[in-house]
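Colleague: Sharing my_file.cif here; it has mmCIF, C-alpha atoms.
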```cif
data_entry
loop_
_atom_site.group_PDB
_atom_site.id
_atom_site.type_symbol
_atom_site.label_atom_id
_atom_site.label_comp_id
_atom_site.auth_asym_id
_atom_site.auth_seq_id
_atom_site.Cartn_x
_atom_site.Cartn_y
_atom_site.Cartn_z
ATOM 1 C CA MET G 13 47.131 -82.515 -63.945
ATOM 2 C CA ASN G 14 43.471 -81.919 -63.187
ATOM 3 C CA TYR G 15 41.854 -80.098 -66.088
ATOM 4 C CA LEU G 16 38.931 -77.716 -65.726
ATOM 5 C CA ASP G 17 35.832 -77.982 -67.911
ATOM 6 C CA PHE G 18 36.927 -75.278 -70.333
ATOM 7 C CA GLU G 19 40.386 -76.888 -70.615
ATOM 8 C CA LYS G 20 39.123 -80.188 -72.093
ATOM 9 C CA PRO G 21 40.452 -79.473 -75.625
ATOM 10 C CA LEU G 22 43.833 -78.719 -74.067
ATOM 11 C CA ALA G 23 43.679 -81.946 -72.062
ATOM 12 C CA GLU G 24 43.198 -83.940 -75.275
ATOM 13 C CA ILE G 25 46.210 -82.347 -76.956
ATOM 14 C CA GLU G 26 48.525 -82.721 -73.962
ATOM 15 C CA GLY G 27 47.244 -86.262 -73.435
ATOM 16 C CA LYS G 28 48.052 -87.237 -77.020
ATOM 17 C CA ALA G 29 51.572 -85.801 -76.687
ATOM 18 C CA GLU G 30 52.142 -87.834 -73.543
ATOM 19 C CA GLU G 31 50.777 -90.979 -75.206
ATOM 20 C CA LEU G 32 53.269 -90.582 -78.027
ATOM 21 C CA ARG G 33 56.148 -90.185 -75.603
ATOM 22 C CA ALA G 34 54.950 -93.221 -73.646
ATOM 23 C CA MET G 35 55.049 -95.239 -76.889
ATOM 24 C CA ALA G 36 58.605 -94.043 -77.500
ATOM 25 C CA ARG G 37 59.660 -95.035 -74.003
ATOM 26 C CA ALA G 38 58.191 -98.496 -74.543
ATOM 27 C CA ASN G 39 59.873 -98.924 -77.926
ATOM 28 C CA GLU G 40 63.194 -97.158 -78.425
ATOM 29 C CA GLU G 41 62.966 -97.525 -82.201
ATOM 30 C CA THR G 42 59.839 -95.378 -82.334
ATOM 31 C CA ASP G 43 60.620 -91.767 -83.242
ATOM 32 C CA VAL G 44 57.701 -89.521 -82.328
ATOM 33 C CA GLU G 45 59.509 -86.479 -80.963
ATOM 34 C CA ASP G 46 58.690 -84.183 -83.896
ATOM 35 C CA GLU G 47 55.000 -85.065 -83.734
ATOM 36 C CA ALA G 48 54.955 -84.704 -79.942
ATOM 37 C CA ALA G 49 56.744 -81.341 -80.179
ATOM 38 C CA ALA G 50 54.125 -80.132 -82.674
ATOM 39 C CA LEU G 51 51.381 -81.128 -80.234
ATOM 40 C CA ASP G 52 53.254 -79.346 -77.425
ATOM 41 C CA GLN G 53 53.317 -76.159 -79.483
ATOM 42 C CA LYS G 54 49.645 -76.495 -80.357
ATOM 43 C CA GLY G 55 48.844 -76.990 -76.647
ATOM 44 C CA ALA G 56 50.955 -73.976 -75.669
ATOM 45 C CA ASP G 57 49.140 -71.797 -78.225
ATOM 46 C CA MET G 58 45.767 -73.043 -76.979
ATOM 47 C CA LEU G 59 46.748 -72.321 -73.356
ATOM 48 C CA VAL G 60 47.588 -68.731 -74.268
ATOM 49 C CA GLU G 61 44.278 -68.398 -76.106
ATOM 50 C CA LEU G 62 42.230 -69.879 -73.241
ATOM 51 C CA TYR G 63 43.764 -67.632 -70.581
ATOM 52 C CA ALA G 64 43.917 -64.459 -72.674
ATOM 53 C CA SER G 65 40.400 -63.414 -71.668
ATOM 54 C CA LEU G 66 38.949 -65.574 -68.910
ATOM 55 C CA THR G 67 35.342 -64.850 -67.998
ATOM 56 C CA PRO G 68 34.569 -64.206 -64.302
ATOM 57 C CA TRP G 69 33.066 -67.693 -63.985
ATOM 58 C CA ARG G 70 36.155 -69.317 -65.453
ATOM 59 C CA LYS G 71 38.278 -67.319 -63.023
ATOM 60 C CA CYS G 72 36.156 -68.801 -60.223
ATOM 61 C CA GLN G 73 36.967 -72.256 -61.542
ATOM 62 C CA VAL G 74 40.703 -71.487 -61.669
ATOM 63 C CA ALA G 75 40.592 -69.991 -58.150
ATOM 64 C CA ARG G 76 39.049 -73.249 -56.887
ATOM 65 C CA HIS G 77 41.473 -75.566 -58.691
ATOM 66 C CA PRO G 78 42.358 -78.395 -56.261
ATOM 67 C CA GLN G 79 46.057 -78.285 -57.212
ATOM 68 C CA ARG G 80 46.411 -74.577 -56.539
ATOM 69 C CA PRO G 81 48.954 -73.802 -53.763
ATOM 70 C CA HIS G 82 47.227 -73.628 -50.385
ATOM 71 C CA CYS G 83 48.095 -71.878 -47.147
ATOM 72 C CA ALA G 84 50.206 -74.781 -45.860
ATOM 73 C CA ASP G 85 52.314 -74.629 -49.039
ATOM 74 C CA TYR G 86 53.031 -70.927 -48.553
ATOM 75 C CA LEU G 87 53.880 -71.471 -44.890
ATOM 76 C CA SER G 88 56.514 -74.041 -45.829
ATOM 77 C CA GLU G 89 57.967 -72.203 -48.834
ATOM 78 C CA VAL G 90 57.553 -68.444 -48.267
ATOM 79 C CA PHE G 91 58.084 -68.344 -44.504
ATOM 80 C CA THR G 92 60.805 -69.841 -42.322
ATOM 81 C CA ASP G 93 60.871 -70.950 -38.692
ATOM 82 C CA TYR G 94 57.093 -71.304 -38.711
ATOM 83 C CA THR G 95 55.823 -72.194 -35.232
ATOM 84 C CA PRO G 96 52.093 -73.006 -35.214
ATOM 85 C CA LEU G 97 49.983 -71.790 -32.319
ATOM 86 C CA ALA G 98 46.731 -73.617 -31.639
ATOM 87 C CA GLY G 99 43.398 -72.980 -29.984
ATOM 88 C CA ASP G 100 41.204 -70.015 -29.153
ATOM 89 C CA ARG G 101 41.614 -70.458 -25.365
ATOM 90 C CA GLY G 102 37.869 -70.828 -25.145
ATOM 91 C CA PHE G 103 36.525 -73.876 -26.964
ATOM 92 C CA ALA G 104 38.824 -75.737 -29.382
ATOM 93 C CA ASP G 105 41.407 -75.541 -32.127
ATOM 94 C CA ASP G 106 39.983 -74.976 -35.607
ATOM 95 C CA HIS G 107 42.146 -76.763 -38.185
ATOM 96 C CA ALA G 108 40.677 -74.686 -41.030
ATOM 97 C CA VAL G 109 42.720 -71.753 -39.704
ATOM 98 C CA MET G 110 46.481 -72.038 -39.572
ATOM 99 C CA GLY G 111 48.553 -69.458 -37.755
ATOM 100 C CA GLY G 112 51.544 -68.754 -35.620
ATOM 101 C CA LEU G 113 54.942 -67.118 -35.441
ATOM 102 C CA ALA G 114 57.308 -67.161 -38.403
ATOM 103 C CA ARG G 115 60.034 -65.273 -40.179
ATOM 104 C CA PHE G 116 59.511 -63.588 -43.504
ATOM 105 C CA LYS G 117 62.822 -62.782 -45.182
ATOM 106 C CA ASP G 118 64.377 -62.920 -41.693
ATOM 107 C CA ARG G 119 61.777 -60.510 -40.287
ATOM 108 C CA PRO G 120 59.619 -61.874 -37.435
ATOM 109 C CA VAL G 121 55.909 -61.847 -38.285
ATOM 110 C CA VAL G 122 52.613 -63.394 -37.279
ATOM 111 C CA VAL G 123 51.051 -65.296 -40.168
ATOM 112 C CA ILE G 124 47.425 -66.440 -40.306
ATOM 113 C CA GLY G 125 45.579 -68.197 -43.093
ATOM 114 C CA GLN G 126 42.813 -70.535 -44.155
ATOM 115 C CA ASP G 127 43.738 -73.882 -45.657
ATOM 116 C CA LYS G 128 41.457 -76.098 -47.758
ATOM 117 C CA GLY G 129 43.608 -79.222 -47.660
ATOM 118 C CA ASN G 130 45.266 -81.106 -50.500
ATOM 119 C CA ASP G 131 43.601 -84.527 -50.383
ATOM 120 C CA THR G 132 40.484 -86.144 -48.950
ATOM 121 C CA ALA G 133 41.912 -86.594 -45.445
ATOM 122 C CA THR G 134 43.278 -83.062 -45.111
ATOM 123 C CA ARG G 135 40.193 -81.503 -46.716
ATOM 124 C CA ILE G 136 38.020 -83.133 -44.080
ATOM 125 C CA GLU G 137 40.464 -82.125 -41.351
ATOM 126 C CA ARG G 138 40.538 -78.515 -42.614
ATOM 127 C CA ASN G 139 36.770 -78.484 -43.200
ATOM 128 C CA PHE G 140 37.437 -77.385 -46.801
ATOM 129 C CA GLY G 141 38.773 -74.056 -45.541
ATOM 130 C CA MET G 142 35.518 -73.071 -43.834
ATOM 131 C CA ALA G 143 36.347 -71.755 -40.385
ATOM 132 C CA ARG G 144 34.172 -72.098 -37.297
ATOM 133 C CA PRO G 145 33.949 -69.401 -34.588
ATOM 134 C CA GLU G 146 36.956 -70.810 -32.753
ATOM 135 C CA GLY G 147 39.034 -70.282 -35.911
ATOM 136 C CA TYR G 148 38.249 -66.570 -35.960
ATOM 137 C CA ARG G 149 38.838 -66.341 -32.220
ATOM 138 C CA LYS G 150 42.214 -67.998 -32.726
ATOM 139 C CA ALA G 151 42.990 -65.341 -35.332
ATOM 140 C CA ILE G 152 41.948 -62.620 -32.885
ATOM 141 C CA ARG G 153 44.270 -64.073 -30.250
ATOM 142 C CA LEU G 154 47.177 -64.124 -32.680
ATOM 143 C CA MET G 155 46.530 -60.544 -33.825
ATOM 144 C CA GLU G 156 46.408 -59.385 -30.198
ATOM 145 C CA MET G 157 49.763 -61.073 -29.626
ATOM 146 C CA ALA G 158 51.198 -59.438 -32.754
ATOM 147 C CA SER G 159 50.072 -56.026 -31.526
ATOM 148 C CA LYS G 160 51.545 -56.639 -28.066
ATOM 149 C CA PHE G 161 54.971 -57.569 -29.443
ATOM 150 C CA ASN G 162 54.894 -55.145 -32.399
ATOM 151 C CA LEU G 163 55.000 -57.839 -35.093
ATOM 152 C CA PRO G 164 53.582 -57.333 -38.609
ATOM 153 C CA VAL G 165 50.640 -59.566 -39.513
ATOM 154 C CA VAL G 166 50.374 -61.407 -42.835
ATOM 155 C CA THR G 167 47.090 -63.133 -43.692
ATOM 156 C CA LEU G 168 46.513 -65.618 -46.513
ATOM 157 C CA VAL G 169 42.873 -65.851 -47.547
ATOM 158 C CA ASP G 170 41.404 -68.915 -49.255
ATOM 159 C CA THR G 171 37.898 -69.828 -48.168
ATOM 160 C CA PRO G 172 34.485 -70.318 -49.778
ATOM 161 C CA GLY G 173 33.093 -68.689 -46.628
ATOM 162 C CA ALA G 174 32.657 -69.269 -42.932
ATOM 163 C CA TYR G 175 31.184 -72.642 -41.949
ATOM 164 C CA PRO G 176 27.353 -72.342 -41.821
ATOM 165 C CA GLY G 177 26.693 -75.347 -39.574
ATOM 166 C CA LYS G 178 24.339 -75.388 -36.603
ATOM 167 C CA GLY G 179 27.104 -75.751 -34.028
ATOM 168 C CA ALA G 180 29.017 -72.828 -35.492
ATOM 169 C CA GLU G 181 25.945 -70.625 -35.306
ATOM 170 C CA GLN G 182 25.275 -71.718 -31.732
ATOM 171 C CA ARG G 183 28.812 -70.735 -30.745
ATOM 172 C CA GLY G 184 28.486 -67.246 -32.229
ATOM 173 C CA GLN G 185 29.748 -67.406 -35.788
ATOM 174 C CA SER G 186 28.669 -63.908 -36.819
ATOM 175 C CA GLU G 187 29.983 -62.365 -33.603
ATOM 176 C CA ALA G 188 33.364 -64.052 -34.066
ATOM 177 C CA ILE G 189 33.627 -62.790 -37.658
ATOM 178 C CA ALA G 190 32.701 -59.264 -36.558
ATOM 179 C CA ARG G 191 35.255 -59.331 -33.730
ATOM 180 C CA SER G 192 37.982 -60.553 -36.078
ATOM 181 C CA THR G 193 37.174 -57.777 -38.563
ATOM 182 C CA GLU G 194 37.207 -55.253 -35.700
ATOM 183 C CA MET G 195 40.593 -56.528 -34.524
ATOM 184 C CA CYS G 196 41.994 -56.100 -38.058
ATOM 185 C CA LEU G 197 40.981 -52.438 -37.884
ATOM 186 C CA GLN G 198 42.350 -51.857 -34.391
ATOM 187 C CA ILE G 199 45.821 -53.378 -34.297
ATOM 188 C CA GLY G 200 48.655 -50.878 -34.435
ATOM 189 C CA VAL G 201 51.015 -52.972 -36.588
ATOM 190 C CA PRO G 202 51.296 -53.396 -40.369
ATOM 191 C CA LEU G 203 48.653 -55.790 -41.676
ATOM 192 C CA VAL G 204 48.904 -57.155 -45.208
ATOM 193 C CA SER G 205 46.635 -59.710 -46.788
ATOM 194 C CA VAL G 206 46.816 -61.831 -49.942
ATOM 195 C CA ILE G 207 43.834 -63.603 -51.467
ATOM 196 C CA ILE G 208 45.432 -66.749 -52.855
ATOM 197 C CA GLY G 209 42.279 -68.487 -54.091
ATOM 198 C CA GLU G 210 38.722 -67.796 -53.006
ATOM 199 C CA GLY G 211 37.791 -64.855 -50.841
ATOM 200 C CA GLY G 212 34.273 -65.744 -49.800
ATOM 201 C CA SER G 213 31.959 -63.455 -47.850
ATOM 202 C CA GLY G 214 32.565 -62.382 -44.233
ATOM 203 C CA GLY G 215 34.764 -65.408 -43.748
ATOM 204 C CA ALA G 216 37.332 -63.662 -45.954
ATOM 205 C CA VAL G 217 36.690 -60.095 -44.793
ATOM 206 C CA ALA G 218 37.542 -61.149 -41.227
ATOM 207 C CA PHE G 219 41.133 -61.752 -42.391
ATOM 208 C CA ALA G 220 41.396 -59.283 -45.284
ATOM 209 C CA THR G 221 40.548 -55.975 -43.603
ATOM 210 C CA ALA G 222 44.160 -54.941 -44.054
ATOM 211 C CA ASN G 223 46.345 -51.914 -44.721
ATOM 212 C CA LYS G 224 47.364 -53.512 -48.012
ATOM 213 C CA LEU G 225 45.382 -56.138 -49.912
ATOM 214 C CA ALA G 226 46.734 -58.137 -52.834
ATOM 215 C CA MET G 227 45.005 -60.717 -54.993
ATOM 216 C CA LEU G 228 46.444 -63.366 -57.229
ATOM 217 C CA GLU G 229 45.538 -62.701 -60.852
ATOM 218 C CA HIS G 230 42.924 -65.467 -61.081
ATOM 219 C CA SER G 231 41.618 -65.352 -57.511
ATOM 220 C CA VAL G 232 38.134 -64.063 -56.617
ATOM 221 C CA TYR G 233 36.702 -62.017 -53.756
ATOM 222 C CA SER G 234 32.975 -61.553 -53.263
ATOM 223 C CA VAL G 235 30.173 -61.211 -50.757
ATOM 224 C CA ILE G 236 28.643 -64.509 -51.892
ATOM 225 C CA SER G 237 29.498 -67.337 -54.266
ATOM 226 C CA PRO G 238 28.104 -67.117 -57.813
ATOM 227 C CA GLU G 239 26.016 -70.237 -57.164
ATOM 228 C CA GLY G 240 24.563 -68.758 -53.962
ATOM 229 C CA CYS G 241 23.844 -65.442 -55.655
ATOM 230 C CA ALA G 242 22.109 -67.188 -58.563
ATOM 231 C CA SER G 243 19.993 -69.266 -56.168
ATOM 232 C CA ILE G 244 18.779 -66.116 -54.410
ATOM 233 C CA LEU G 245 18.262 -63.813 -57.403
ATOM 234 C CA TRP G 246 17.053 -66.263 -60.038
ATOM 235 C CA LYS G 247 16.123 -69.283 -57.908
ATOM 236 C CA ASP G 248 18.443 -71.229 -60.194
ATOM 237 C CA SER G 249 22.034 -72.042 -59.226
ATOM 238 C CA GLU G 250 22.775 -72.873 -62.881
ATOM 239 C CA LYS G 251 22.812 -69.142 -63.621
ATOM 240 C CA MET G 252 26.152 -68.868 -61.818
ATOM 241 C CA ARG G 253 27.832 -67.478 -64.955
ATOM 242 C CA GLU G 254 25.509 -64.473 -65.014
ATOM 243 C CA ALA G 255 25.952 -64.046 -61.268
ATOM 244 C CA ALA G 256 29.737 -64.111 -61.562
ATOM 245 C CA GLU G 257 29.552 -61.311 -64.133
ATOM 246 C CA ALA G 258 27.290 -59.206 -61.916
ATOM 247 C CA LEU G 259 29.276 -59.687 -58.703
ATOM 248 C CA ARG G 260 32.431 -57.945 -60.017
ATOM 249 C CA LEU G 261 34.493 -60.506 -58.122
ATOM 250 C CA THR G 262 37.680 -60.624 -60.193
ATOM 251 C CA ALA G 263 40.940 -59.022 -59.091
ATOM 252 C CA GLN G 264 40.833 -56.734 -62.122
ATOM 253 C CA ASP G 265 37.327 -55.431 -61.343
ATOM 254 C CA LEU G 266 38.092 -55.011 -57.656
ATOM 255 C CA GLN G 267 41.238 -53.031 -58.349
ATOM 256 C CA LYS G 268 39.177 -50.636 -60.483
ATOM 257 C CA LEU G 269 36.732 -50.271 -57.581
ATOM 258 C CA GLY G 270 39.541 -49.494 -55.132
ATOM 259 C CA VAL G 271 39.067 -52.648 -53.058
ATOM 260 C CA VAL G 272 42.368 -54.274 -54.048
ATOM 261 C CA ASP G 273 45.733 -52.524 -53.900
ATOM 262 C CA ARG G 274 47.827 -54.939 -55.933
ATOM 263 C CA ILE G 275 47.347 -57.786 -58.423
ATOM 264 C CA VAL G 276 49.938 -60.561 -58.321
ATOM 265 C CA ASP G 277 50.588 -62.123 -61.730
ATOM 266 C CA GLU G 278 50.150 -65.871 -62.047
ATOM 267 C CA PRO G 279 52.015 -68.215 -64.415
ATOM 268 C CA LEU G 280 50.281 -68.883 -67.710
ATOM 269 C CA GLY G 281 47.549 -71.427 -67.051
ATOM 270 C CA GLY G 282 47.089 -70.535 -63.385
ATOM 271 C CA ALA G 283 48.992 -70.862 -60.123
ATOM 272 C CA HIS G 284 48.771 -74.658 -60.165
ATOM 273 C CA ARG G 285 50.889 -74.933 -63.342
ATOM 274 C CA ASP G 286 53.961 -73.404 -61.677
ATOM 275 C CA ARG G 287 53.573 -73.396 -57.921
ATOM 276 C CA ASP G 288 57.118 -72.216 -57.188
ATOM 277 C CA ALA G 289 56.800 -69.181 -59.462
ATOM 278 C CA THR G 290 53.473 -68.323 -57.856
ATOM 279 C CA MET G 291 54.864 -68.462 -54.345
ATOM 280 C CA ASP G 292 57.864 -66.343 -55.371
ATOM 281 C CA ALA G 293 55.489 -63.727 -56.801
ATOM 282 C CA VAL G 294 53.401 -63.701 -53.596
ATOM 283 C CA SER G 295 56.567 -63.401 -51.503
ATOM 284 C CA ASN G 296 57.700 -60.395 -53.530
ATOM 285 C CA ALA G 297 54.270 -58.765 -53.197
ATOM 286 C CA ILE G 298 54.261 -59.218 -49.415
ATOM 287 C CA GLU G 299 57.770 -57.744 -49.191
ATOM 288 C CA LYS G 300 56.758 -54.692 -51.206
ATOM 289 C CA MET G 301 53.554 -54.122 -49.232
ATOM 290 C CA LEU G 302 55.361 -54.346 -45.895
ATOM 291 C CA GLY G 303 58.078 -52.047 -47.230
ATOM 292 C CA GLU G 304 55.487 -49.398 -48.098
ATOM 293 C CA MET G 305 54.658 -49.127 -44.382
ATOM 294 C CA ASN G 306 58.192 -48.909 -43.040
ATOM 295 C CA GLY G 307 58.537 -46.152 -40.481
ATOM 296 C CA MET G 308 54.806 -45.647 -39.924
ATOM 297 C CA SER G 309 53.684 -45.316 -36.307
ATOM 298 C CA SER G 310 50.845 -47.313 -34.788
ATOM 299 C CA ALA G 311 48.543 -44.299 -34.969
ATOM 300 C CA GLU G 312 49.413 -43.733 -38.621
ATOM 301 C CA LEU G 313 48.788 -47.380 -39.507
ATOM 302 C CA ILE G 314 45.375 -47.386 -37.808
ATOM 303 C CA GLN G 315 44.398 -44.065 -39.387
ATOM 304 C CA ALA G 316 45.509 -45.196 -42.852
ATOM 305 C CA ARG G 317 43.395 -48.336 -42.496
ATOM 306 C CA ARG G 318 40.426 -46.273 -41.327
ATOM 307 C CA VAL G 319 40.692 -43.826 -44.222
ATOM 308 C CA LYS G 320 41.040 -46.672 -46.706
ATOM 309 C CA PHE G 321 37.863 -48.445 -45.659
ATOM 310 C CA LEU G 322 35.758 -45.335 -45.105
ATOM 311 C CA GLY G 323 36.633 -44.245 -48.625
ATOM 312 C CA MET G 324 36.005 -47.624 -50.193
ATOM 313 C CA GLY G 325 33.286 -47.534 -52.828
ATOM 314 C CA SER G 326 33.769 -43.838 -53.552
ATOM 315 C CA LYS G 327 34.665 -44.693 -57.143
ATOM 316 C CA GLY G 328 31.221 -46.134 -57.641
ATOM 317 C CA LEU G 329 30.027 -49.116 -59.653
ATOM 318 C CA ALA G 330 30.642 -47.235 -62.884
ATOM 319 C CA ALA G 331 34.398 -47.636 -62.391
#
```
Translate this structure into structure tokens?
Modeller:
Amino acid sequence: MNYLDFEKPLAEIEGKAEELRAMARANEETDVEDEAAALDQKGADMLVELYASLTPWRKCQVARHPQRPHCADYLSEVFTDYTPLAGDRGFADDHAVMGGLARFKDRPVVVIGQDKGNDTATRIERNFGMARPEGYRKAIRLMEMASKFNLPVVTLVDTPGAYPGKGAEQRGQSEAIARSTEMCLQIGVPLVSVIIGEGGSGGAVAFATANKLAMLEHSVYSVISPEGCASILWKDSEKMREAAEALRLTAQDLQKLGVVDRIVDEPLGGAHRDRDATMDAVSNAIEKMLGEMNGMSSAELIQARRVKFLGMGSKGLAA
């Protein structure tokens, strides 16, 4: 288990409990179960206390946890018969964006998502979830195919933002993001999106401009990272805690503002502490969101999406 900064006291307690059990395994005559159980209970109480009222910055840390389930995990557990489709038919295949045909509860769908990778090799391969223009153009191609064959689209968002490198800018990064966002608004099929970790800037909006948008309880969604915001406003990236408060980036704040339609509960301690339960909860949320659009025509789906985004922000920042 990788512990976050604010979880260090918990790490000490759980570490001591494991040390005691390791001693017992090494020496069968050692009876430490009562003491270890007491530490387990103390750790469980502390976990409840820590997660009872997470600050926005701590939610950012949980959303970025390296052991949190990533897009590839959902593709293997939530969907069946996943067939990846590669390339943008123009330049290259972007491994930060995964997508293709699949079945969701025996219903054919097109699924698209960003993946950060699980270890050093896959993180480099996936570019830490930061897509280049060809990734967004791949997504556009898949959405066009979904519209042609009348398949619902499910997107899984987990990115710190689009890749800001020189080559990406030269190949039209902003144009690709804008086109992907436009395609989300135009397709005449149900489009549901789940923010499973970080939803960063236009890189997330290009996938999340959906009929229905859900966020995991401890995920975040914002126009800029807290560190980037702090660097611009205060010229000091160390003020990221204040920036996180000001950005209103938590699922709870965004639901109040009318940006998010549904919050998906996470296991106590975050998605990484019970990955299977998290993926079951996301699966149920996707099923419910798709079910809410059963029977809607293409024109109705497009109009509903249009009304949703034109009305966004009408609640105001006082919400």
Colleague: Evaluated on this file, the PyMOL selection byres ((chain G and resi 275) around 9) picks out some residues - which ones are they, written as a PyMOL selection string?
Modeller: chain G and resi 225-229+263-264+267+272-274+276-277+297
Colleague: Which residue out of G:Asp57, G:Lys71, G:Val165, G:Gly184 has the minimum interatomic distance to Pro120 (chain G) when all atoms listed in the file are used?
Modeller: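 Ranking G:Asp57, G:Lys71, G:Val165, G:Gly184 by distance to Pro120 (chain G), first place goes to G:Val165.
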Colleague: Given the PyMOL selection byres ((chain G and resi 90-101) around 6) and the file above, list the residues it selects as a count of residues only.
Modeller: 15
Colleague: Please enumerate the residues selected by the PyMOL selection byres ((chain G and resi 210-219) around 6) when evaluated against the supplied file, formatted as a PyMOL selection string.
Modeller: chain G and resi 75+170-174+189+192-193+209+220-221+231-236
Colleague: Give the centre and edge lengths of an axis-aligned box, in Å to one decimal, that holds all listed atoms of region 117-123 of chain G with 4 Å on each side, as JSON.
Modeller:
```
{"center_x": 57.7, "center_y": -62.9, "center_z": -41.2, "size_x": 21.3, "size_y": 12.8, "size_z": 15.9}
```
Colleague: Give me the residues near Ser326 (chain G) as a list in words, where near means some atom within 9 Å (using only C-alpha atoms) and where sequence neighbours in that chain fewer than 4 positions away do not count.
Modeller: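 Counting only C-alpha atoms, the residues come to Leu269, Gly270 and Leu322 of chain G.
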Colleague: Go ahead and compute the interatomic distance for CA of Glu250 (chain G) and CA of Pro238 (chain G), in Å to one decimal.
Modeller: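 Taking CA of Glu250 (chain G) and CA of Pro238 (chain G), their separation equals 9.3 Å.
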Colleague: One decimal, Å: what's the distance from CA of Gln126 (chain G) over to CA of Met110 (chain G), could you say?
Modeller: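 Atom-to-atom, CA of Gln126 (chain G) to CA of Met110 (chain G), that is 6.1 Å.
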Colleague: Taking 4 positions as the minimum chain separation for residues in the same chain, which residues sit within 8 Å of Leu163 (chain G) when counting only C-alpha atoms? Answer as a PDB file with C-alpha atoms, in the frame of the given file.
Modeller:
```
ATOM      1  CA  PRO G 120      59.619 -61.874 -37.435  1.00  0.00           C
ATOM      2  CA  VAL G 121      55.909 -61.847 -38.285  1.00  0.00           C
ATOM      3  CA  VAL G 122      52.613 -63.394 -37.279  1.00  0.00           C
ATOM      4  CA  ALA G 158      51.198 -59.438 -32.754  1.00  0.00           C
ATOM      5  CA  SER G 159      50.072 -56.026 -31.526  1.00  0.00           C
ATOM      6  CA  VAL G 201      51.015 -52.972 -36.588  1.00  0.00           C
ATOM      7  CA  PRO G 202      51.296 -53.396 -40.369  1.00  0.00           C
TER       8      PRO G 202
END
```
